[in-house]
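Structure file protein36.txt (compact mmCIF, C-alpha atoms) is printed below.
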# COMPACT_ATOMS: atom_id res chain seq x y z
CA MET A 1 1.12 55.91 21.27
CA GLU A 2 1.95 59.52 21.95
CA LEU A 3 -0.96 61.78 22.86
CA GLU A 4 0.55 64.76 21.06
CA THR A 5 1.00 62.91 17.79
CA PHE A 6 -2.47 61.43 18.11
CA ILE A 7 -4.00 64.90 18.53
CA LYS A 8 -2.12 66.14 15.48
CA ASN A 9 -3.33 63.16 13.42
CA PHE A 10 -6.85 63.81 14.68
CA GLU A 11 -6.69 67.47 13.68
CA GLU A 12 -5.52 66.53 10.21
CA ALA A 13 -8.24 63.91 9.82
CA VAL A 14 -11.10 66.29 10.60
CA GLU A 15 -11.52 69.01 7.99
CA ASP A 16 -11.55 72.66 8.98
CA VAL A 17 -9.83 72.01 12.29
CA GLU A 18 -6.65 74.02 12.64
CA VAL A 19 -3.56 72.05 13.60
CA GLY A 20 -2.56 73.04 17.12
CA SER A 21 -6.06 74.15 18.10
CA LEU A 22 -6.98 71.02 20.11
CA SER A 23 -5.71 69.52 23.36
CA GLY A 24 -6.31 66.36 25.37
CA ASP A 25 -9.20 68.09 27.15
CA SER A 26 -10.98 69.04 23.93
CA VAL A 27 -14.47 67.57 23.69
CA TYR A 28 -14.27 66.50 20.07
CA ARG A 29 -17.95 65.77 19.71
CA SER A 30 -18.74 69.45 20.29
CA LEU A 31 -16.59 70.55 17.33
CA GLU A 32 -18.48 72.55 14.75
CA HIS A 33 -17.63 70.08 11.98
CA TRP A 34 -18.15 66.89 13.97
CA ASP A 35 -20.52 64.84 11.83
CA SER A 36 -20.85 61.40 10.24
CA LEU A 37 -18.17 62.27 7.70
CA ALA A 38 -15.74 63.22 10.47
CA VAL A 39 -16.51 59.89 12.17
CA LEU A 40 -15.47 58.15 8.96
CA THR A 41 -12.26 60.09 8.45
CA VAL A 42 -11.19 59.54 12.07
CA ILE A 43 -11.88 55.79 11.78
CA ALA A 44 -9.78 55.73 8.59
CA MET A 45 -6.96 57.67 10.26
CA VAL A 46 -6.90 55.31 13.25
CA ASP A 47 -6.81 52.33 10.89
CA ALA A 48 -4.06 53.77 8.69
CA GLU A 49 -1.84 55.26 11.42
CA TYR A 50 -2.27 52.74 14.22
CA ASP A 51 -3.73 49.66 12.52
CA LEU A 52 -6.62 49.63 15.02
CA ARG A 53 -10.36 49.20 14.40
CA LEU A 54 -12.36 51.98 15.99
CA LYS A 55 -16.15 51.67 15.97
CA ALA A 56 -18.56 54.54 15.40
CA ARG A 57 -20.26 53.50 18.65
CA GLU A 58 -17.01 53.94 20.57
CA LEU A 59 -16.55 57.42 19.13
CA LYS A 60 -19.99 58.25 20.48
CA GLN A 61 -19.15 56.95 23.97
CA MET A 62 -15.97 58.97 24.51
CA GLN A 63 -15.91 62.70 25.24
CA THR A 64 -12.38 64.09 25.12
CA LEU A 65 -9.35 63.36 22.97
CA SER A 66 -7.52 62.04 26.04
CA GLU A 67 -10.29 59.52 26.62
CA LEU A 68 -10.21 58.47 22.99
CA HIS A 69 -6.43 58.17 23.16
CA ALA A 70 -6.70 55.97 26.26
CA LEU A 71 -9.26 53.75 24.52
CA LEU A 72 -6.91 53.25 21.57
CA GLU A 73 -4.00 52.49 23.87
CA SER A 74 -6.08 49.82 25.59
CA LYS A 75 -6.89 48.35 22.17
CA GLN A 76 -3.23 48.37 21.27
CA SER A 77 -2.25 46.37 24.34
CA ILE A 78 -4.73 43.58 23.59
CA MET B 79 -14.91 29.71 1.48
CA PRO B 80 -13.25 28.16 -0.48
CA LYS B 81 -10.89 29.48 -2.94
CA CYS B 82 -10.99 27.72 -6.29
CA HIS B 83 -9.93 27.99 -9.89
CA PHE B 84 -11.33 26.97 -13.24
CA SER B 85 -9.72 26.66 -16.64
CA ASP B 86 -10.94 26.49 -20.24
CA VAL B 87 -13.50 29.23 -19.59
CA GLU B 88 -13.36 32.70 -21.14
CA ILE B 89 -15.17 35.99 -20.83
CA SER B 90 -16.00 36.99 -24.39
CA GLY B 91 -18.02 40.19 -24.16
CA ILE B 92 -19.40 42.77 -21.72
CA VAL B 93 -22.02 45.49 -22.20
CA THR B 94 -23.32 47.87 -19.54
CA CYS B 95 -26.44 50.00 -19.87
CA VAL B 96 -27.02 53.13 -17.81
CA PRO B 97 -30.08 55.39 -17.60
CA PRO B 98 -29.66 58.77 -19.37
CA LEU B 99 -30.90 60.93 -16.46
CA GLU B 100 -27.96 62.49 -14.63
CA LYS B 101 -28.15 63.97 -11.15
CA CYS B 102 -25.40 66.03 -9.56
CA ILE B 103 -24.77 66.69 -5.89
CA ASP B 104 -24.17 70.38 -6.73
CA ASP B 105 -27.87 70.74 -7.49
CA GLU B 106 -28.90 69.25 -4.14
CA LEU B 107 -27.76 71.84 -1.65
CA GLU B 108 -31.15 71.77 0.07
CA LEU B 109 -30.56 68.13 1.00
CA PHE B 110 -27.66 69.41 3.10
CA GLY B 111 -29.78 72.11 4.69
CA GLY B 112 -27.99 74.76 2.63
CA ASN B 113 -24.68 73.78 4.28
CA VAL B 114 -22.25 74.56 1.45
CA LYS B 115 -19.23 73.55 3.51
CA GLN B 116 -20.60 70.10 4.25
CA LEU B 117 -21.43 69.55 0.60
CA GLU B 118 -17.94 70.68 -0.47
CA ARG B 119 -16.39 68.39 2.13
CA LEU B 120 -18.38 65.42 0.83
CA LYS B 121 -17.29 66.20 -2.72
CA LYS B 122 -13.66 66.56 -1.74
CA THR B 123 -13.34 63.76 0.82
CA ILE B 124 -15.75 61.07 -0.37
CA GLY B 125 -15.62 62.10 -4.02
CA LEU B 126 -19.37 62.39 -4.51
CA SER B 127 -20.30 64.02 -7.77
CA LYS B 128 -22.66 62.78 -10.47
CA ARG B 129 -24.87 59.73 -10.75
CA ARG B 130 -27.26 58.24 -13.29
CA VAL B 131 -30.70 57.24 -12.10
CA VAL B 132 -33.77 55.62 -13.63
CA ASP B 133 -37.23 57.14 -13.84
CA ALA B 134 -40.12 55.58 -11.91
CA GLN B 135 -40.98 53.20 -14.78
CA THR B 136 -37.58 51.71 -15.52
CA THR B 137 -36.26 48.64 -13.70
CA ALA B 138 -33.01 46.72 -13.46
CA ALA B 139 -34.55 44.09 -15.76
CA ASP B 140 -35.05 46.77 -18.46
CA LEU B 141 -31.42 47.91 -18.22
CA CYS B 142 -30.12 44.32 -18.24
CA GLU B 143 -32.31 43.31 -21.17
CA LYS B 144 -31.04 46.25 -23.20
CA ALA B 145 -27.43 45.35 -22.35
CA ALA B 146 -28.06 41.69 -23.24
CA ARG B 147 -29.60 42.51 -26.64
CA HIS B 148 -26.68 44.77 -27.52
CA LEU B 149 -24.17 42.15 -26.40
CA MET B 150 -25.81 39.42 -28.46
CA LYS B 151 -26.13 41.60 -31.56
CA GLU B 152 -22.59 43.04 -31.50
CA GLY B 153 -21.08 39.73 -30.47
CA GLY B 154 -22.97 37.87 -33.18
CA VAL B 155 -24.29 35.28 -30.74
CA ASP B 156 -27.49 33.41 -31.41
CA LEU B 157 -29.86 33.73 -28.45
CA GLN B 158 -30.79 30.06 -28.88
CA GLN B 159 -27.22 29.09 -27.97
CA ILE B 160 -27.47 30.32 -24.39
CA ASP B 161 -27.46 27.33 -22.02
CA ALA B 162 -27.97 29.25 -18.80
CA MET B 163 -28.78 32.75 -17.67
CA ILE B 164 -27.84 34.07 -14.24
CA CYS B 165 -29.43 37.32 -13.06
CA VAL B 166 -27.73 39.07 -10.18
CA THR B 167 -30.02 41.67 -8.64
CA GLN B 168 -31.56 42.91 -5.41
CA THR B 169 -34.18 44.96 -7.21
CA ALA B 170 -36.13 42.38 -9.19
CA ASP B 171 -39.34 43.31 -11.01
CA TYR B 172 -41.46 40.99 -8.87
CA LEU B 173 -41.33 39.19 -5.53
CA GLN B 174 -41.79 36.20 -7.80
CA PRO B 175 -41.00 35.01 -10.42
CA CYS B 176 -37.30 35.80 -10.64
CA ASN B 177 -35.88 38.33 -13.09
CA ALA B 178 -34.08 35.57 -14.97
CA ALA B 179 -37.41 33.98 -15.95
CA VAL B 180 -38.93 37.33 -16.90
CA ILE B 181 -35.95 38.32 -19.07
CA HIS B 182 -35.72 34.79 -20.51
CA GLY B 183 -39.22 35.30 -21.86
CA ARG B 184 -38.58 38.79 -23.15
CA LEU B 185 -35.41 37.76 -24.98
CA GLY B 186 -37.04 34.61 -26.32
CA LEU B 187 -34.31 32.26 -25.14
CA SER B 188 -34.49 28.52 -25.71
CA LYS B 189 -36.55 26.34 -23.38
CA ASN B 190 -33.39 24.31 -22.84
CA CYS B 191 -31.91 27.14 -20.84
CA ALA B 192 -31.46 27.19 -17.07
CA ALA B 193 -32.41 30.56 -15.58
CA LEU B 194 -32.01 31.71 -12.00
CA ASP B 195 -31.53 34.83 -9.88
CA VAL B 196 -28.77 35.49 -7.39
CA ASN B 197 -29.85 37.84 -4.62
CA LEU B 198 -26.60 39.71 -4.01
CA GLY B 199 -25.55 43.32 -4.43
CA CYS B 200 -22.07 44.78 -4.58
CA SER B 201 -20.32 41.38 -4.42
CA GLY B 202 -22.80 39.87 -6.89
CA TYR B 203 -20.97 40.37 -10.16
CA VAL B 204 -18.02 38.33 -8.90
CA TYR B 205 -20.33 35.67 -7.42
CA GLY B 206 -22.09 35.49 -10.79
CA HIS B 207 -18.77 34.89 -12.54
CA TRP B 208 -17.90 32.19 -10.03
CA LEU B 209 -21.18 30.39 -10.73
CA ALA B 210 -20.87 30.80 -14.48
CA HIS B 211 -17.26 29.62 -14.57
CA SER B 212 -18.13 26.66 -12.39
CA LEU B 213 -21.09 25.65 -14.60
CA VAL B 214 -19.01 25.84 -17.77
CA ALA B 215 -15.96 24.13 -16.26
CA SER B 216 -18.08 21.24 -14.97
CA GLY B 217 -19.22 20.57 -18.49
CA GLY B 218 -22.86 21.45 -17.89
CA CYS B 219 -22.93 24.54 -20.09
CA GLU B 220 -21.19 25.86 -23.18
CA ARG B 221 -22.34 29.46 -23.03
CA ILE B 222 -23.74 31.52 -20.17
CA LEU B 223 -25.32 34.93 -20.08
CA LEU B 224 -24.59 36.71 -16.81
CA LEU B 225 -26.79 39.72 -16.12
CA ALA B 226 -26.05 41.97 -13.15
CA GLY B 227 -27.99 45.11 -12.42
CA ASP B 228 -29.74 47.17 -9.79
CA THR B 229 -31.85 50.27 -9.36
CA ILE B 230 -30.92 51.17 -5.77
CA SER B 231 -31.91 54.81 -6.41
CA ARG B 232 -35.51 53.63 -6.17
CA LEU B 233 -34.93 52.23 -2.66
CA VAL B 234 -33.36 55.29 -1.06
CA ASN B 235 -35.34 58.10 0.52
CA ALA B 236 -34.55 61.32 -1.36
CA LYS B 237 -34.22 63.09 2.00
CA ASP B 238 -31.61 60.68 3.40
CA ARG B 239 -28.16 62.29 3.04
CA SER B 240 -26.46 59.07 4.14
CA VAL B 241 -27.48 57.19 0.98
CA ALA B 242 -29.39 59.35 -1.55
CA PRO B 243 -26.36 61.11 -3.09
CA LEU B 244 -24.35 57.86 -3.29
CA PHE B 245 -26.36 55.45 -5.41
CA GLY B 246 -26.85 55.25 -9.16
CA ASP B 247 -28.43 52.59 -11.37
CA GLY B 248 -27.15 50.26 -14.06
CA GLY B 249 -27.57 46.91 -15.78
CA SER B 250 -24.96 44.72 -17.42
CA ALA B 251 -24.62 41.64 -19.59
CA THR B 252 -21.53 39.43 -19.78
CA LEU B 253 -20.98 36.41 -22.00
CA ILE B 254 -19.00 33.51 -20.56
CA GLU B 255 -18.05 30.59 -22.82
CA ARG B 256 -16.08 27.39 -22.95
CA SER B 257 -12.74 27.92 -24.63
CA LEU B 258 -10.15 25.17 -24.58
CA GLY B 259 -6.78 26.43 -23.42
CA ALA B 260 -8.17 29.58 -21.77
CA PRO B 261 -6.05 30.49 -18.74
CA SER B 262 -7.20 29.72 -15.19
CA ALA B 263 -9.60 32.05 -13.38
CA TYR B 264 -9.20 32.21 -9.59
CA PHE B 265 -11.96 32.97 -7.10
CA SER B 266 -12.49 33.62 -3.43
CA LEU B 267 -15.95 34.10 -1.90
CA GLN B 268 -16.75 35.22 1.62
CA THR B 269 -19.68 36.14 3.87
CA ASP B 270 -20.24 37.67 7.31
CA GLY B 271 -23.96 37.35 7.98
CA GLY B 272 -23.47 38.84 11.44
CA GLY B 273 -23.51 42.18 9.66
CA TYR B 274 -26.76 41.55 7.75
CA ASP B 275 -28.39 44.64 9.27
CA LYS B 276 -25.62 47.11 8.40
CA LEU B 277 -26.95 47.56 4.88
CA ILE B 278 -30.60 46.60 4.69
CA VAL B 279 -34.12 47.36 3.48
CA PRO B 280 -35.85 46.22 6.69
CA ALA B 281 -39.49 46.07 5.54
CA GLY B 282 -41.44 44.95 2.51
CA GLY B 283 -40.26 41.33 2.60
CA SER B 284 -41.79 38.41 4.49
CA ARG B 285 -40.23 39.27 7.88
CA HIS B 286 -41.88 42.71 8.02
CA PRO B 287 -44.45 42.88 5.22
CA HIS B 288 -45.62 46.21 3.86
CA SER B 289 -48.11 48.01 6.11
CA THR B 290 -49.07 51.60 6.81
CA GLN B 291 -46.46 51.57 9.59
CA THR B 292 -43.62 50.36 7.40
CA ALA B 293 -44.44 53.09 4.88
CA GLU B 294 -44.16 55.82 7.49
CA VAL B 295 -41.16 58.12 7.02
CA LEU B 296 -39.32 58.97 10.24
CA GLU B 297 -36.47 61.34 11.05
CA ASP B 298 -33.34 59.79 12.62
CA GLU B 299 -30.90 61.36 15.11
CA SER B 300 -28.80 62.85 12.29
CA GLY B 301 -31.79 64.55 10.68
CA ASN B 302 -32.13 62.06 7.83
CA PHE B 303 -35.54 60.82 6.71
CA ARG B 304 -36.43 57.25 5.76
CA SER B 305 -39.11 54.61 6.19
CA PRO B 306 -38.40 50.95 7.02
CA GLU B 307 -39.09 50.26 3.32
CA ASN B 308 -36.12 52.44 2.33
CA LEU B 309 -32.48 51.41 2.22
CA PHE B 310 -30.59 51.93 5.47
CA MET B 311 -26.80 51.98 5.64
CA ASP B 312 -24.54 52.14 8.67
CA GLY B 313 -21.84 54.04 6.81
CA ALA B 314 -19.09 53.81 9.42
CA GLU B 315 -19.50 50.04 9.85
CA ILE B 316 -19.60 49.42 6.10
CA PHE B 317 -16.48 51.53 5.75
CA ASN B 318 -14.70 49.60 8.52
CA PHE B 319 -15.74 46.32 6.93
CA SER B 320 -14.52 47.38 3.50
CA ILE B 321 -11.09 48.58 4.52
CA THR B 322 -10.52 45.57 6.79
CA GLU B 323 -11.77 42.66 4.67
CA GLU B 324 -11.12 43.83 1.13
CA PRO B 325 -7.32 44.23 1.25
CA LYS B 326 -7.06 40.90 3.11
CA SER B 327 -9.21 39.08 0.56
CA VAL B 328 -7.29 40.49 -2.41
CA LYS B 329 -3.93 39.59 -0.86
CA GLU B 330 -5.06 36.04 -0.09
CA LEU B 331 -6.39 35.48 -3.58
CA LEU B 332 -3.12 36.66 -5.15
CA GLU B 333 -1.20 34.31 -2.85
CA TYR B 334 -3.49 31.43 -3.78
CA ALA B 335 -3.02 32.16 -7.49
CA GLU B 336 0.72 32.71 -6.95
CA VAL B 337 0.51 35.97 -8.86
CA ASP B 338 2.33 39.11 -7.80
CA ALA B 339 0.26 42.31 -7.49
CA ALA B 340 2.68 43.91 -9.98
CA ALA B 341 1.64 41.31 -12.57
CA VAL B 342 -2.01 42.39 -12.42
CA ASP B 343 -2.90 44.98 -15.08
CA HIS B 344 -6.00 46.46 -13.44
CA PHE B 345 -7.69 46.15 -10.06
CA VAL B 346 -11.39 46.66 -10.68
CA PHE B 347 -13.10 47.17 -7.35
CA HIS B 348 -16.78 47.62 -6.74
CA GLN B 349 -17.23 51.37 -7.22
CA ALA B 350 -18.46 52.24 -3.73
CA ASN B 351 -16.95 55.71 -3.58
CA ARG B 352 -13.54 57.27 -4.17
CA TYR B 353 -12.74 57.42 -0.46
CA ILE B 354 -13.21 53.68 0.12
CA LEU B 355 -11.41 52.82 -3.13
CA SER B 356 -8.38 54.95 -2.37
CA ASN B 357 -8.22 53.59 1.19
CA ILE B 358 -8.27 50.00 -0.10
CA ALA B 359 -5.68 50.82 -2.78
CA LYS B 360 -3.45 52.49 -0.19
CA ARG B 361 -3.55 49.50 2.12
CA LEU B 362 -2.64 47.18 -0.74
CA LYS B 363 0.05 49.67 -1.88
CA LEU B 364 -1.35 49.58 -5.42
CA ASP B 365 -0.31 51.83 -8.27
CA LEU B 366 -3.36 54.12 -8.50
CA ALA B 367 -3.09 54.15 -12.30
CA LYS B 368 -4.15 50.50 -12.17
CA VAL B 369 -7.28 51.18 -10.13
CA PRO B 370 -10.31 52.55 -12.03
CA MET B 371 -12.09 55.09 -9.80
CA GLN B 372 -13.85 57.49 -12.13
CA THR B 373 -16.91 55.34 -12.68
CA VAL B 374 -18.46 56.08 -9.31
CA GLU B 375 -18.05 59.84 -9.81
CA LEU B 376 -19.87 59.71 -13.14
CA TYR B 377 -22.52 57.07 -12.47
CA GLY B 378 -22.79 56.67 -8.68
CA ASN B 379 -22.53 53.44 -6.68
CA GLN B 380 -24.32 51.01 -8.99
CA SER B 381 -24.32 47.96 -6.74
CA SER B 382 -23.94 44.76 -8.82
CA ALA B 383 -23.44 46.74 -12.06
CA SER B 384 -20.48 48.83 -10.88
CA ILE B 385 -17.64 46.46 -11.84
CA PRO B 386 -18.86 45.90 -15.43
CA THR B 387 -19.48 49.66 -15.76
CA ALA B 388 -15.90 50.34 -14.67
CA ILE B 389 -14.60 47.77 -17.19
CA CYS B 390 -16.69 49.09 -20.10
CA GLY B 391 -16.32 52.76 -19.18
CA GLU B 392 -12.67 52.97 -18.17
CA LEU B 393 -10.86 49.94 -19.59
CA ALA B 394 -12.36 49.26 -23.04
CA THR B 395 -9.44 50.87 -24.90
CA ALA B 396 -6.80 49.30 -22.66
CA LEU B 397 -8.35 45.85 -23.16
CA ALA B 398 -8.56 46.30 -26.94
CA ASP B 399 -4.87 47.30 -27.11
CA ARG B 400 -3.56 44.03 -25.73
CA SER B 401 -4.07 40.41 -26.62
CA SER B 402 -4.47 39.49 -22.95
CA THR B 403 -5.10 41.55 -19.84
CA ARG B 404 -5.02 40.31 -16.27
CA LEU B 405 -7.83 41.76 -14.16
CA LEU B 406 -8.53 41.44 -10.49
CA LEU B 407 -12.24 41.96 -9.85
CA SER B 408 -13.46 42.49 -6.31
CA GLY B 409 -16.89 43.33 -4.91
CA PHE B 410 -17.96 43.95 -1.32
CA GLY B 411 -21.12 45.08 0.44
CA VAL B 412 -24.63 44.02 1.41
CA GLY B 413 -24.76 40.64 3.17
CA LEU B 414 -22.19 41.32 4.31
CA SER B 415 -20.67 39.57 1.34
CA TRP B 416 -17.43 39.96 -0.58
CA ALA B 417 -15.71 38.16 -3.41
CA SER B 418 -12.63 38.49 -5.59
CA ALA B 419 -11.63 37.00 -8.91
CA LEU B 420 -8.41 36.99 -10.88
CA VAL B 421 -9.20 36.57 -14.56
CA GLU B 422 -7.43 36.97 -17.88
CA VAL B 423 -9.41 38.75 -20.51
CA GLY B 424 -8.49 38.44 -24.17
CA ASP B 425 -9.82 40.37 -27.11
CA LEU B 426 -13.49 40.95 -26.22
CA THR B 427 -15.94 40.86 -29.11
CA VAL B 428 -17.72 43.78 -27.49
CA CYS B 429 -16.93 45.98 -24.47
CA GLU B 430 -19.28 48.92 -24.46
CA LEU B 431 -21.20 51.28 -22.21
CA ILE B 432 -24.55 52.33 -23.65
CA ASP B 433 -27.35 54.68 -22.63
CA TYR B 434 -30.80 53.27 -22.01
CA THR B 435 -33.65 54.19 -24.32
CA ALA B 436 -37.13 52.86 -23.73
Would you mind writing the file out in structure tokens?
Amino acid sequence: MELETFIKNFEEAVEDVEVGSLSGDSVYRSLEHWDSLAVLTVIAMVDAEYDLRLKARELKQMQTLSELHALLESKQSI
Amino acid sequence: MPKCHFSDVEISGIVTCVPPLEKCIDDELELFGGNVKQLERLKKTIGLSKRRVVDAQTTAADLCEKAARHLMKEGGVDLQQIDAMICVTQTADYLQPCNAAVIHGRLGLSKNCAALDVNLGCSGYVYGHWLAHSLVASGGCERILLLAGDTISRLVNAKDRSVAPLFGDGGSATLIERSLGAPSAYFSLQTDGGGYDKLIVPAGGSRHPHSTQTAEVLEDESGNFRSPENLFMDGAEIFNFSITEEPKSVKELLEYAEVDAAAVDHFVFHQANRYILSNIAKRLKLDLAKVPMQTVELYGNQSSASIPTAICGELATALADRSSTRLLLSGFGVGLSWASALVEVGDLTVCELIDYTA
């Protein structure tokens, strides 16, 4: 799973985030529009694009997009 | 479970009754703390719009009774010919007796009529059909009245953004009869009780009876207000559950019935919200024209009444135009519980959506 593509998918999943504005170091939970709806759309994106089940709790535990990406990669290898 | 099928049973009429009072998310900006962007995002992404809700005096039993009377009258069925009545609801009039007994009395049904409640929500309409089909197919009943209705709007806290704008109310009545030669109806029923607390009214039952504490409204970490006597929903978990289990269940039922998805005329899912419906449809690669989705935007998530509302509201003309229509019905939610049915519906004597009047 490529980090760059993942970030782009993430940006598209969360409304009002400009594509290209985030990086691996971005703390996604500090985004202005990070709310329960964004949690839902990111879970749906991860399911649709990567066929992985992400839990709301896991989204709360991670900080940056790189961390989230690493979590998904670990899920993928199971 | 078990997947199973029954033959010689037909669905002969459906009526759904909705309350006349309409609420619209556009009028509720204060619920979102004046955050226009958030409200617009909810409208666009989740598809929240209008919903119909009851007043403080009207119950699911009232809506179901009205639907049942209309069904009997238009369908020309004698109330004395009903052998069993099944009431699917999570918002019964009383802790006891069950709604089925209460409505049995109000309709004046025969004493030789079995009457029972089924305590299920969004999967309940399909479970009710499974029971009714099974009772008729076993030879125990000729004619069954299936009522399914809820007034979830009365369980939500008006200041809880995570549920208040989602739920509407409705009551339905469906007639199921023996009919020799009627095509097979296929069912699959499933449960995951490990998720019982993902969609729950925690207090007011026997586990945590009503007290001054359970009536106390508290603010949660997201700034939503509710008491333990209000409905709580873990939205992300319910969403995950829906998009994982629903497509799987539908696929498995079609395989069991040996019917291709292309041969199904309409996929009538529980009307949770447009976002969940389109995600399920996408995963099953369904033609969106075959998936009714407008019901939830007009009436809200009506729990056990949402599938019959979608049939009466969106498919009445399509059903009347053909001698036989193949429907896949599928409900999912509180329990967690989910169920799917593949049925063939012929020319219904009545298929109507009516407004409630006291």
Next item on the list: Might you pull out every residue within 10 Å of Ile92 of chain B, with all atoms listed in the file counted and same-chain residues fewer than 5 positions away left off, and present them as a PyMOL selection string?
Entry: chain B and resi 145-146+148-150+153+223-225+250-254+386-387+389-390+394+426-431
Would you give me, as a tab-separated table, each residue of chain A having an atom within 9 Å of an atom of chain B, along with its shortest atom pair and that distance in Å to one decimal, using all atoms listed in the file and sorting by chain and residue number?
residue	atom	partner	partner_atom	distance
A:Glu15	CA	B:Arg119	CA	7.6
A:His33	CA	B:Gln116	CA	8.3
A:Asp35	CA	B:Ser300	CA	8.5
A:Ser36	CA	B:Ala314	CA	7.8
A:Leu37	CA	B:Leu120	CA	7.6
A:Val39	CA	B:Ala314	CA	7.2
A:Leu40	CA	B:Ala314	CA	5.7
A:Thr41	CA	B:Thr123	CA	8.5
A:Ile43	CA	B:Asn318	CA	7.5
A:Ala44	CA	B:Asn357	CA	7.9
A:Asp47	CA	B:Ile321	CA	8.5
A:Ala48	CA	B:Arg361	CA	7.9
A:Arg53	CA	B:Asn318	CA	7.3
A:Leu54	CA	B:Asn318	CA	8.2
A:Lys55	CA	B:Glu315	CA	7.2
A:Ala56	CA	B:Ala314	CA	6.0
Notebook entry, point to check: What is the distance, in Å and to one decimal place, between atom CA of Ala170 of chain B and atom CA of Asn379 of chain B?
Noted result: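 Distance reported for this atom pair: 17.7 Å.
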Note to self: For a test of reading the model, state the distance in Å between atom CA of Gln372 of chain B and atom CA of Gly112 of chain B, rounded to one decimal.
What the structure shows: 26.8 Å
Counting all atoms listed in the file, which residues have an atom no more than 12 Å from (-21.4, 26.9, -8.6) in the file's coordinates? Please list them as a PDB file with C-alpha atoms, in the coordinates of the input.
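Contents of the output file selection_39.pdb:
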ATOM      1  CA  PRO B  80     -13.250  28.160  -0.480  1.00  0.00           C
ATOM      2  CA  CYS B  82     -10.990  27.720  -6.290  1.00  0.00           C
ATOM      3  CA  HIS B  83      -9.930  27.990  -9.890  1.00  0.00           C
ATOM      4  CA  PHE B  84     -11.330  26.970 -13.240  1.00  0.00           C
ATOM      5  CA  ILE B 164     -27.840  34.070 -14.240  1.00  0.00           C
ATOM      6  CA  VAL B 196     -28.770  35.490  -7.390  1.00  0.00           C
ATOM      7  CA  VAL B 204     -18.020  38.330  -8.900  1.00  0.00           C
ATOM      8  CA  TYR B 205     -20.330  35.670  -7.420  1.00  0.00           C
ATOM      9  CA  GLY B 206     -22.090  35.490 -10.790  1.00  0.00           C
ATOM     10  CA  HIS B 207     -18.770  34.890 -12.540  1.00  0.00           C
ATOM     11  CA  TRP B 208     -17.900  32.190 -10.030  1.00  0.00           C
ATOM     12  CA  LEU B 209     -21.180  30.390 -10.730  1.00  0.00           C
ATOM     13  CA  ALA B 210     -20.870  30.800 -14.480  1.00  0.00           C
ATOM     14  CA  HIS B 211     -17.260  29.620 -14.570  1.00  0.00           C
ATOM     15  CA  SER B 212     -18.130  26.660 -12.390  1.00  0.00           C
ATOM     16  CA  LEU B 213     -21.090  25.650 -14.600  1.00  0.00           C
ATOM     17  CA  VAL B 214     -19.010  25.840 -17.770  1.00  0.00           C
ATOM     18  CA  ALA B 215     -15.960  24.130 -16.260  1.00  0.00           C
ATOM     19  CA  SER B 216     -18.080  21.240 -14.970  1.00  0.00           C
ATOM     20  CA  GLY B 217     -19.220  20.570 -18.490  1.00  0.00           C
ATOM     21  CA  GLY B 218     -22.860  21.450 -17.890  1.00  0.00           C
ATOM     22  CA  CYS B 219     -22.930  24.540 -20.090  1.00  0.00           C
ATOM     23  CA  PHE B 265     -11.960  32.970  -7.100  1.00  0.00           C
ATOM     24  CA  LEU B 267     -15.950  34.100  -1.900  1.00  0.00           C
TER      25      LEU B 267
END
Check: Can you tell me how far atom CA of Glu11 of chain A sits from atom CA of Leu31 of chain A, in Å to one decimal?
Finding: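 Computing the Euclidean distance for atom CA of Glu11 of chain A and atom CA of Leu31 of chain A yields 11.0 Å.
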Next item on the list: For Leu414 of chain B, list every protein, DNA or RNA residue within 10 Å, evaluated using all atoms listed in the file, and leave out those in the same chain fewer than 6 positions away; present the list as an MDAnalysis selection string.
Entry: chainID B and resid 198:201 268:278 316 319:320
Restrict the selected residues to C-alpha atoms and save them as a PDB file, in the coordinates of the input.
ATOM      1  CA  LEU B 198     -26.600  39.710  -4.010  1.00  0.00           C
ATOM      2  CA  GLY B 199     -25.550  43.320  -4.430  1.00  0.00           C
ATOM      3  CA  CYS B 200     -22.070  44.780  -4.580  1.00  0.00           C
ATOM      4  CA  SER B 201     -20.320  41.380  -4.420  1.00  0.00           C
ATOM      5  CA  GLN B 268     -16.750  35.220   1.620  1.00  0.00           C
ATOM      6  CA  THR B 269     -19.680  36.140   3.870  1.00  0.00           C
ATOM      7  CA  ASP B 270     -20.240  37.670   7.310  1.00  0.00           C
ATOM      8  CA  GLY B 271     -23.960  37.350   7.980  1.00  0.00           C
ATOM      9  CA  GLY B 272     -23.470  38.840  11.440  1.00  0.00           C
ATOM     10  CA  GLY B 273     -23.510  42.180   9.660  1.00  0.00           C
ATOM     11  CA  TYR B 274     -26.760  41.550   7.750  1.00  0.00           C
ATOM     12  CA  ASP B 275     -28.390  44.640   9.270  1.00  0.00           C
ATOM     13  CA  LYS B 276     -25.620  47.110   8.400  1.00  0.00           C
ATOM     14  CA  LEU B 277     -26.950  47.560   4.880  1.00  0.00           C
ATOM     15  CA  ILE B 278     -30.600  46.600   4.690  1.00  0.00           C
ATOM     16  CA  ILE B 316     -19.600  49.420   6.100  1.00  0.00           C
ATOM     17  CA  PHE B 319     -15.740  46.320   6.930  1.00  0.00           C
ATOM     18  CA  SER B 320     -14.520  47.380   3.500  1.00  0.00           C
TER      19      SER B 320
END
Checklist line | Contacts of Ser77 of chain A at 12 Å (all atoms listed in the file; same-chain gap of 6+ positions) as a ChimeraX atom specification | finding: /A:1,50,52,70-71
Item checked: Shell around Gly24 of chain A at 12 Å using all atoms listed in the file, local window under 6 positions removed, as a ChimeraX atom specification -> /A:2-8,10-11,63-70
Could you work out an axis-aligned box for segment 55-58 of chain A, taking every atom the file lists and adding 4 Å on each side, and report centre and edge lengths in Å to one decimal, as JSON?
{"center_x": -18.2, "center_y": 53.1, "center_z": 18.0, "size_x": 12.1, "size_y": 10.9, "size_z": 13.2}
